[in-house]
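So this one's work.cif, mmCIF, N, CA and C atoms:
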data_structure
#
loop_
_atom_site.label_atom_id
_atom_site.label_comp_id
_atom_site.auth_asym_id
_atom_site.auth_seq_id
_atom_site.Cartn_x
_atom_site.Cartn_y
_atom_site.Cartn_z
N MET A 1 11.69 20.14 -59.74
CA MET A 1 12.44 21.38 -59.66
C MET A 1 12.57 21.98 -61.07
N THR A 2 12.27 23.25 -61.20
CA THR A 2 12.37 23.95 -62.47
C THR A 2 13.80 24.44 -62.66
N THR A 3 14.34 24.19 -63.84
CA THR A 3 15.68 24.64 -64.16
C THR A 3 15.63 26.04 -64.74
N THR A 4 16.43 26.94 -64.20
CA THR A 4 16.53 28.29 -64.73
C THR A 4 17.85 28.42 -65.47
N TYR A 5 17.75 28.86 -66.71
CA TYR A 5 18.92 29.08 -67.54
C TYR A 5 19.22 30.57 -67.60
N SER A 6 20.49 30.92 -67.50
CA SER A 6 20.96 32.28 -67.74
C SER A 6 21.90 32.21 -68.92
N VAL A 7 21.61 32.99 -69.94
CA VAL A 7 22.42 32.96 -71.16
C VAL A 7 23.08 34.33 -71.31
N PHE A 8 24.40 34.33 -71.30
CA PHE A 8 25.17 35.56 -71.46
C PHE A 8 25.53 35.69 -72.93
N MET A 9 25.10 36.79 -73.54
CA MET A 9 25.37 37.03 -74.95
C MET A 9 26.26 38.26 -75.04
N LEU A 10 27.48 38.06 -75.54
CA LEU A 10 28.44 39.15 -75.66
C LEU A 10 28.33 39.75 -77.06
N LEU A 11 28.12 41.07 -77.12
CA LEU A 11 27.89 41.75 -78.39
C LEU A 11 28.95 42.80 -78.64
N LYS A 12 29.16 43.06 -79.92
CA LYS A 12 30.05 44.14 -80.33
C LYS A 12 29.24 45.08 -81.22
N ALA A 13 29.19 46.35 -80.84
CA ALA A 13 28.46 47.35 -81.63
C ALA A 13 29.13 47.53 -82.99
N THR A 14 28.30 47.67 -84.01
CA THR A 14 28.80 47.87 -85.37
C THR A 14 28.97 49.36 -85.66
N PRO A 15 29.69 49.68 -86.72
CA PRO A 15 29.78 51.10 -87.11
C PRO A 15 28.39 51.71 -87.37
N TYR A 16 27.46 50.90 -87.88
CA TYR A 16 26.10 51.39 -88.10
C TYR A 16 25.48 51.88 -86.79
N TRP A 17 25.62 51.09 -85.72
CA TRP A 17 25.09 51.47 -84.41
C TRP A 17 25.71 52.78 -83.94
N HIS A 18 27.02 52.90 -84.11
CA HIS A 18 27.72 54.11 -83.67
C HIS A 18 27.32 55.33 -84.49
N SER A 19 26.84 55.11 -85.72
CA SER A 19 26.43 56.24 -86.56
C SER A 19 25.06 56.79 -86.19
N LEU A 20 24.31 56.05 -85.40
CA LEU A 20 22.96 56.48 -85.02
C LEU A 20 22.99 57.52 -83.91
N ALA A 21 22.01 58.39 -83.93
CA ALA A 21 21.85 59.36 -82.84
C ALA A 21 21.41 58.61 -81.59
N ARG A 22 21.67 59.19 -80.46
CA ARG A 22 21.32 58.55 -79.17
C ARG A 22 19.84 58.18 -79.12
N GLU A 23 18.98 59.06 -79.59
CA GLU A 23 17.54 58.80 -79.58
C GLU A 23 17.19 57.59 -80.45
N GLU A 24 17.87 57.45 -81.58
CA GLU A 24 17.63 56.29 -82.46
C GLU A 24 18.07 55.00 -81.79
N ARG A 25 19.20 55.05 -81.11
CA ARG A 25 19.68 53.86 -80.39
C ARG A 25 18.68 53.44 -79.31
N ILE A 26 18.19 54.42 -78.56
CA ILE A 26 17.22 54.13 -77.50
C ILE A 26 15.96 53.52 -78.09
N ALA A 27 15.49 54.07 -79.21
CA ALA A 27 14.27 53.56 -79.85
C ALA A 27 14.46 52.11 -80.31
N ILE A 28 15.59 51.80 -80.91
CA ILE A 28 15.86 50.42 -81.37
C ILE A 28 15.94 49.49 -80.17
N ARG A 29 16.67 49.91 -79.12
CA ARG A 29 16.78 49.07 -77.92
C ARG A 29 15.42 48.83 -77.27
N ASP A 30 14.64 49.88 -77.13
CA ASP A 30 13.32 49.75 -76.51
C ASP A 30 12.39 48.87 -77.32
N ASP A 31 12.44 48.98 -78.65
CA ASP A 31 11.61 48.14 -79.51
C ASP A 31 12.05 46.68 -79.39
N ALA A 32 13.35 46.45 -79.32
CA ALA A 32 13.86 45.08 -79.15
C ALA A 32 13.38 44.50 -77.82
N LEU A 33 13.46 45.29 -76.75
CA LEU A 33 13.00 44.84 -75.44
C LEU A 33 11.51 44.53 -75.45
N SER A 34 10.73 45.39 -76.10
CA SER A 34 9.28 45.15 -76.12
C SER A 34 8.94 43.89 -76.89
N ARG A 35 9.71 43.56 -77.93
CA ARG A 35 9.47 42.31 -78.66
C ARG A 35 9.66 41.10 -77.74
N VAL A 36 10.65 41.15 -76.90
CA VAL A 36 10.91 40.04 -75.98
C VAL A 36 9.85 40.01 -74.88
N PHE A 37 9.64 41.14 -74.21
CA PHE A 37 8.73 41.16 -73.06
C PHE A 37 7.27 40.96 -73.44
N ASN A 38 6.86 41.41 -74.62
CA ASN A 38 5.46 41.31 -75.01
C ASN A 38 5.08 39.99 -75.65
N HIS A 39 6.05 39.21 -76.10
CA HIS A 39 5.74 37.99 -76.84
C HIS A 39 6.30 36.71 -76.22
N PHE A 40 7.21 36.83 -75.31
CA PHE A 40 7.86 35.64 -74.74
C PHE A 40 7.87 35.75 -73.22
N ALA A 41 6.78 35.33 -72.62
CA ALA A 41 6.57 35.51 -71.18
C ALA A 41 7.58 34.76 -70.32
N ALA A 42 8.14 33.68 -70.82
CA ALA A 42 9.08 32.89 -70.03
C ALA A 42 10.52 33.40 -70.14
N VAL A 43 10.72 34.52 -70.83
CA VAL A 43 12.07 35.03 -71.09
C VAL A 43 12.19 36.45 -70.54
N THR A 44 13.28 36.70 -69.81
CA THR A 44 13.62 38.08 -69.43
C THR A 44 14.95 38.43 -70.07
N LEU A 45 15.16 39.70 -70.27
CA LEU A 45 16.36 40.17 -70.96
C LEU A 45 16.82 41.46 -70.29
N ARG A 46 18.13 41.51 -69.99
CA ARG A 46 18.74 42.71 -69.40
C ARG A 46 19.94 43.11 -70.25
N PHE A 47 20.14 44.41 -70.41
CA PHE A 47 21.27 44.96 -71.17
C PHE A 47 22.29 45.54 -70.21
N PHE A 48 23.56 45.31 -70.52
CA PHE A 48 24.65 45.92 -69.75
C PHE A 48 25.64 46.52 -70.74
N ASP A 49 26.08 47.73 -70.47
CA ASP A 49 27.03 48.43 -71.33
C ASP A 49 28.45 48.13 -70.84
N ALA A 50 29.26 47.59 -71.74
CA ALA A 50 30.65 47.30 -71.41
C ALA A 50 31.61 48.07 -72.31
N SER A 51 31.09 49.02 -73.08
CA SER A 51 31.88 49.66 -74.14
C SER A 51 33.15 50.35 -73.64
N GLY A 52 33.13 50.95 -72.49
CA GLY A 52 34.32 51.61 -71.99
C GLY A 52 35.16 50.73 -71.08
N LEU A 53 34.73 49.49 -70.91
CA LEU A 53 35.37 48.62 -69.93
C LEU A 53 36.00 47.37 -70.50
N HIS A 54 35.68 47.04 -71.76
CA HIS A 54 36.16 45.79 -72.36
C HIS A 54 36.54 46.05 -73.81
N ALA A 55 37.65 45.50 -74.24
CA ALA A 55 38.12 45.73 -75.61
C ALA A 55 37.37 44.89 -76.64
N GLY A 56 36.84 43.74 -76.24
CA GLY A 56 36.23 42.83 -77.21
C GLY A 56 34.75 43.00 -77.41
N CYS A 57 34.02 43.25 -76.34
CA CYS A 57 32.57 43.39 -76.49
C CYS A 57 32.13 44.75 -75.95
N SER A 58 31.04 45.24 -76.50
CA SER A 58 30.54 46.55 -76.07
C SER A 58 29.28 46.43 -75.21
N GLU A 59 28.54 45.34 -75.38
CA GLU A 59 27.32 45.11 -74.61
C GLU A 59 27.27 43.66 -74.16
N VAL A 60 26.62 43.43 -73.04
CA VAL A 60 26.35 42.08 -72.56
C VAL A 60 24.85 41.98 -72.33
N LEU A 61 24.23 41.00 -72.96
CA LEU A 61 22.82 40.72 -72.72
C LEU A 61 22.76 39.52 -71.79
N ILE A 62 21.90 39.59 -70.80
CA ILE A 62 21.67 38.44 -69.94
C ILE A 62 20.21 38.04 -70.10
N TRP A 63 20.04 36.87 -70.70
CA TRP A 63 18.71 36.29 -70.89
C TRP A 63 18.49 35.31 -69.75
N GLU A 64 17.28 35.27 -69.21
CA GLU A 64 16.94 34.25 -68.21
C GLU A 64 15.62 33.62 -68.62
N THR A 65 15.57 32.29 -68.48
CA THR A 65 14.38 31.56 -68.87
C THR A 65 14.34 30.19 -68.22
N THR A 66 13.15 29.65 -68.14
CA THR A 66 12.97 28.26 -67.74
C THR A 66 12.54 27.44 -68.96
N ASP A 67 12.44 28.10 -70.11
CA ASP A 67 11.96 27.47 -71.34
C ASP A 67 12.92 27.81 -72.49
N MET A 68 13.85 26.90 -72.79
CA MET A 68 14.86 27.17 -73.81
C MET A 68 14.25 27.30 -75.21
N ALA A 69 13.14 26.63 -75.48
CA ALA A 69 12.48 26.78 -76.78
C ALA A 69 11.97 28.21 -76.95
N GLU A 70 11.44 28.79 -75.89
CA GLU A 70 10.97 30.17 -75.94
C GLU A 70 12.15 31.14 -76.07
N TYR A 71 13.25 30.85 -75.41
CA TYR A 71 14.47 31.66 -75.56
C TYR A 71 14.90 31.67 -77.02
N ARG A 72 14.95 30.50 -77.65
CA ARG A 72 15.36 30.42 -79.05
C ARG A 72 14.42 31.20 -79.94
N ALA A 73 13.12 31.14 -79.67
CA ALA A 73 12.14 31.90 -80.45
C ALA A 73 12.36 33.41 -80.28
N ALA A 74 12.69 33.84 -79.06
CA ALA A 74 12.95 35.26 -78.80
C ALA A 74 14.19 35.72 -79.56
N VAL A 75 15.24 34.91 -79.57
CA VAL A 75 16.46 35.26 -80.30
C VAL A 75 16.16 35.35 -81.79
N GLU A 76 15.38 34.40 -82.30
CA GLU A 76 15.02 34.44 -83.73
C GLU A 76 14.21 35.69 -84.06
N ALA A 77 13.34 36.13 -83.15
CA ALA A 77 12.57 37.35 -83.37
C ALA A 77 13.51 38.56 -83.46
N LEU A 78 14.54 38.58 -82.62
CA LEU A 78 15.49 39.69 -82.68
C LEU A 78 16.37 39.64 -83.92
N GLN A 79 16.60 38.44 -84.46
CA GLN A 79 17.39 38.34 -85.68
C GLN A 79 16.68 39.01 -86.85
N ALA A 80 15.36 39.05 -86.82
CA ALA A 80 14.58 39.69 -87.87
C ALA A 80 14.42 41.19 -87.61
N HIS A 81 14.90 41.66 -86.49
CA HIS A 81 14.77 43.06 -86.05
C HIS A 81 16.06 43.79 -86.39
N ALA A 82 16.00 45.11 -86.45
CA ALA A 82 17.19 45.92 -86.74
C ALA A 82 18.32 45.67 -85.73
N PHE A 83 17.96 45.23 -84.53
CA PHE A 83 18.96 44.99 -83.49
C PHE A 83 20.07 44.07 -84.00
N PHE A 84 19.70 42.96 -84.61
CA PHE A 84 20.69 42.06 -85.22
C PHE A 84 20.65 42.11 -86.74
N GLY A 85 19.52 42.54 -87.30
CA GLY A 85 19.34 42.49 -88.75
C GLY A 85 19.99 43.62 -89.51
N ALA A 86 20.17 44.80 -88.91
CA ALA A 86 20.70 45.96 -89.65
C ALA A 86 22.17 45.81 -90.06
N PRO A 87 23.08 45.26 -89.40
CA PRO A 87 23.03 44.90 -87.98
C PRO A 87 23.55 46.03 -87.11
N CYS A 88 22.97 46.12 -85.94
CA CYS A 88 23.46 47.06 -84.94
C CYS A 88 24.57 46.43 -84.10
N PHE A 89 24.48 45.09 -83.96
CA PHE A 89 25.44 44.37 -83.13
C PHE A 89 25.85 43.07 -83.80
N GLU A 90 27.07 42.67 -83.54
CA GLU A 90 27.56 41.34 -83.91
C GLU A 90 27.63 40.52 -82.63
N VAL A 91 27.23 39.27 -82.71
CA VAL A 91 27.31 38.37 -81.56
C VAL A 91 28.73 37.82 -81.49
N MET A 92 29.41 38.13 -80.39
CA MET A 92 30.79 37.68 -80.20
C MET A 92 30.84 36.30 -79.56
N ASP A 93 29.92 36.05 -78.61
CA ASP A 93 29.90 34.76 -77.92
C ASP A 93 28.56 34.61 -77.22
N VAL A 94 28.16 33.38 -77.03
CA VAL A 94 26.95 33.05 -76.27
C VAL A 94 27.35 32.01 -75.24
N ILE A 95 27.07 32.30 -73.96
CA ILE A 95 27.47 31.42 -72.87
C ILE A 95 26.22 31.00 -72.10
N PRO A 96 25.68 29.81 -72.40
CA PRO A 96 24.52 29.34 -71.63
C PRO A 96 24.98 28.77 -70.30
N THR A 97 24.23 29.07 -69.25
CA THR A 97 24.59 28.59 -67.92
C THR A 97 23.34 28.08 -67.20
N LEU A 98 23.56 27.31 -66.17
CA LEU A 98 22.48 26.85 -65.29
C LEU A 98 22.64 27.56 -63.96
N ALA A 99 21.61 28.22 -63.52
CA ALA A 99 21.67 28.98 -62.27
C ALA A 99 21.62 28.06 -61.07
N GLU A 100 22.66 28.10 -60.25
CA GLU A 100 22.68 27.39 -58.96
C GLU A 100 22.32 25.91 -59.06
N GLU A 101 22.86 25.22 -60.04
CA GLU A 101 22.56 23.81 -60.19
C GLU A 101 23.44 22.91 -59.32
N TRP A 102 24.63 23.37 -58.96
CA TRP A 102 25.55 22.49 -58.26
C TRP A 102 25.02 21.97 -56.92
N PRO A 103 24.21 22.74 -56.15
CA PRO A 103 23.72 22.16 -54.89
C PRO A 103 22.82 20.95 -55.10
N ALA A 104 22.18 20.85 -56.28
CA ALA A 104 21.26 19.75 -56.55
C ALA A 104 21.96 18.51 -57.08
N LEU A 105 23.27 18.60 -57.36
CA LEU A 105 24.00 17.43 -57.87
C LEU A 105 24.08 16.35 -56.81
N PRO A 106 24.08 15.09 -57.24
CA PRO A 106 24.18 13.99 -56.27
C PRO A 106 25.62 13.83 -55.77
N TRP A 107 25.94 14.48 -54.67
CA TRP A 107 27.29 14.45 -54.11
C TRP A 107 27.49 13.18 -53.29
N PRO A 108 28.51 12.38 -53.62
CA PRO A 108 28.80 11.19 -52.81
C PRO A 108 29.49 11.59 -51.50
N ALA A 109 29.67 10.64 -50.64
CA ALA A 109 30.28 10.91 -49.34
C ALA A 109 31.66 11.53 -49.46
N GLY A 110 32.40 11.23 -50.53
CA GLY A 110 33.75 11.79 -50.73
C GLY A 110 33.75 13.24 -51.14
N GLY A 111 32.60 13.79 -51.53
CA GLY A 111 32.52 15.20 -51.85
C GLY A 111 32.64 15.55 -53.31
N VAL A 112 32.86 14.60 -54.20
CA VAL A 112 33.01 14.92 -55.62
C VAL A 112 31.95 14.13 -56.40
N PRO A 113 31.15 14.80 -57.25
CA PRO A 113 30.14 14.07 -58.01
C PRO A 113 30.79 13.00 -58.89
N ALA A 114 30.12 11.89 -59.04
CA ALA A 114 30.65 10.76 -59.81
C ALA A 114 31.02 11.17 -61.23
N ARG A 115 30.23 12.02 -61.86
CA ARG A 115 30.53 12.40 -63.24
C ARG A 115 31.81 13.24 -63.31
N ALA A 116 32.16 13.97 -62.25
CA ALA A 116 33.39 14.73 -62.23
C ALA A 116 34.59 13.82 -62.07
N MET A 117 34.41 12.71 -61.38
CA MET A 117 35.50 11.76 -61.18
C MET A 117 35.96 11.16 -62.50
N ALA A 118 35.04 11.02 -63.45
CA ALA A 118 35.36 10.41 -64.74
C ALA A 118 36.19 11.33 -65.61
N LEU A 119 36.21 12.62 -65.30
CA LEU A 119 36.98 13.57 -66.09
C LEU A 119 38.42 13.43 -65.76
#
In structure tokens, how does this file's structure come out?
Amino acid sequence: MTTTYSVFMLLKATPYWHSLAREERIAIRDDALSRVFNHFAAVTLRFFDASGLHAGCSEVLIWETTDMAEYRAAVEALQAHAFFGAPCFEVMDVIPTLAEEWPALPWPAGGVPARAMAL
């Protein structure tokens, strides 16, 4: 079974990002996306705008991959890009998750996995 990881990256836009014209923002975002999609086949990336909905973060990136080494390489590529390098955004938090892993856990007859019992 292949494990799929979803990594939620919470970002906060910098004053530099806010100083850019809309067209410049789109160009930087599109270039960042093309770096991921054109060089890291095992990684997908989606952007979500939270700027008017959350006080702490302005954007949420959702990375999905079955290859964490390739995910790390994609993040490092963006660190060298204006997206993180200028910086346009500060990383507030990174939350790695496993997609739908709980059904595959070895559930005993009592209903609670043995490793959870030890907690």
Practice prompt. Identify, on the basis of only C-alpha atoms, every residue whose closest approach to segment 51-66 of chain A does not exceed 7 Å; exclude the query and any residue fewer than 3 positions from it along the same chain; express the result as a ChimeraX atom specification.
Written response: /A:2-13,42-48,71
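With atom C of Thr14 of chain A on one side and atom CA of Pro87 of chain A on the other, the separation reads 7.8 Å.
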Worksheet entry | Distance in Å - atom C of Arg35 of chain A versus atom N of Arg72 of chain A | 11.8 Å
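Taking atom C of Ile28 of chain A as the reference point, atom N of Ile95 of chain A is found at 21.4 Å.
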Item to complete: Based on DSSP run over this structure's backbone, return all residues of chain A in strand (DSSP E or B), as number ranges by chain.
Response: A: 5-13, 43-49, 59-65, 89-98
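Closest to Leu98 of chain A among A:Ala32, A:Glu24, A:Pro15, A:Met68 is A:Met68, based on only C-alpha atoms.
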Worksheet entry | Those in chain A with helix (DSSP H, G or I) from DSSP, as a ChimeraX atom specification | /A:15-19,22-39,68-79,82-85,102-104,114-117
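Among the candidates A:Val75, A:Ala86, A:Ala69, A:Val91, the residue lying nearest to Val36 of chain A is A:Val75 (atoms considered: only N, CA and C atoms).
The closest residue to Ser34 of chain A, picked from A:Ala21, A:Ala74, A:Ala50, A:Val94 and counting only C-alpha atoms, is A:Ala74.
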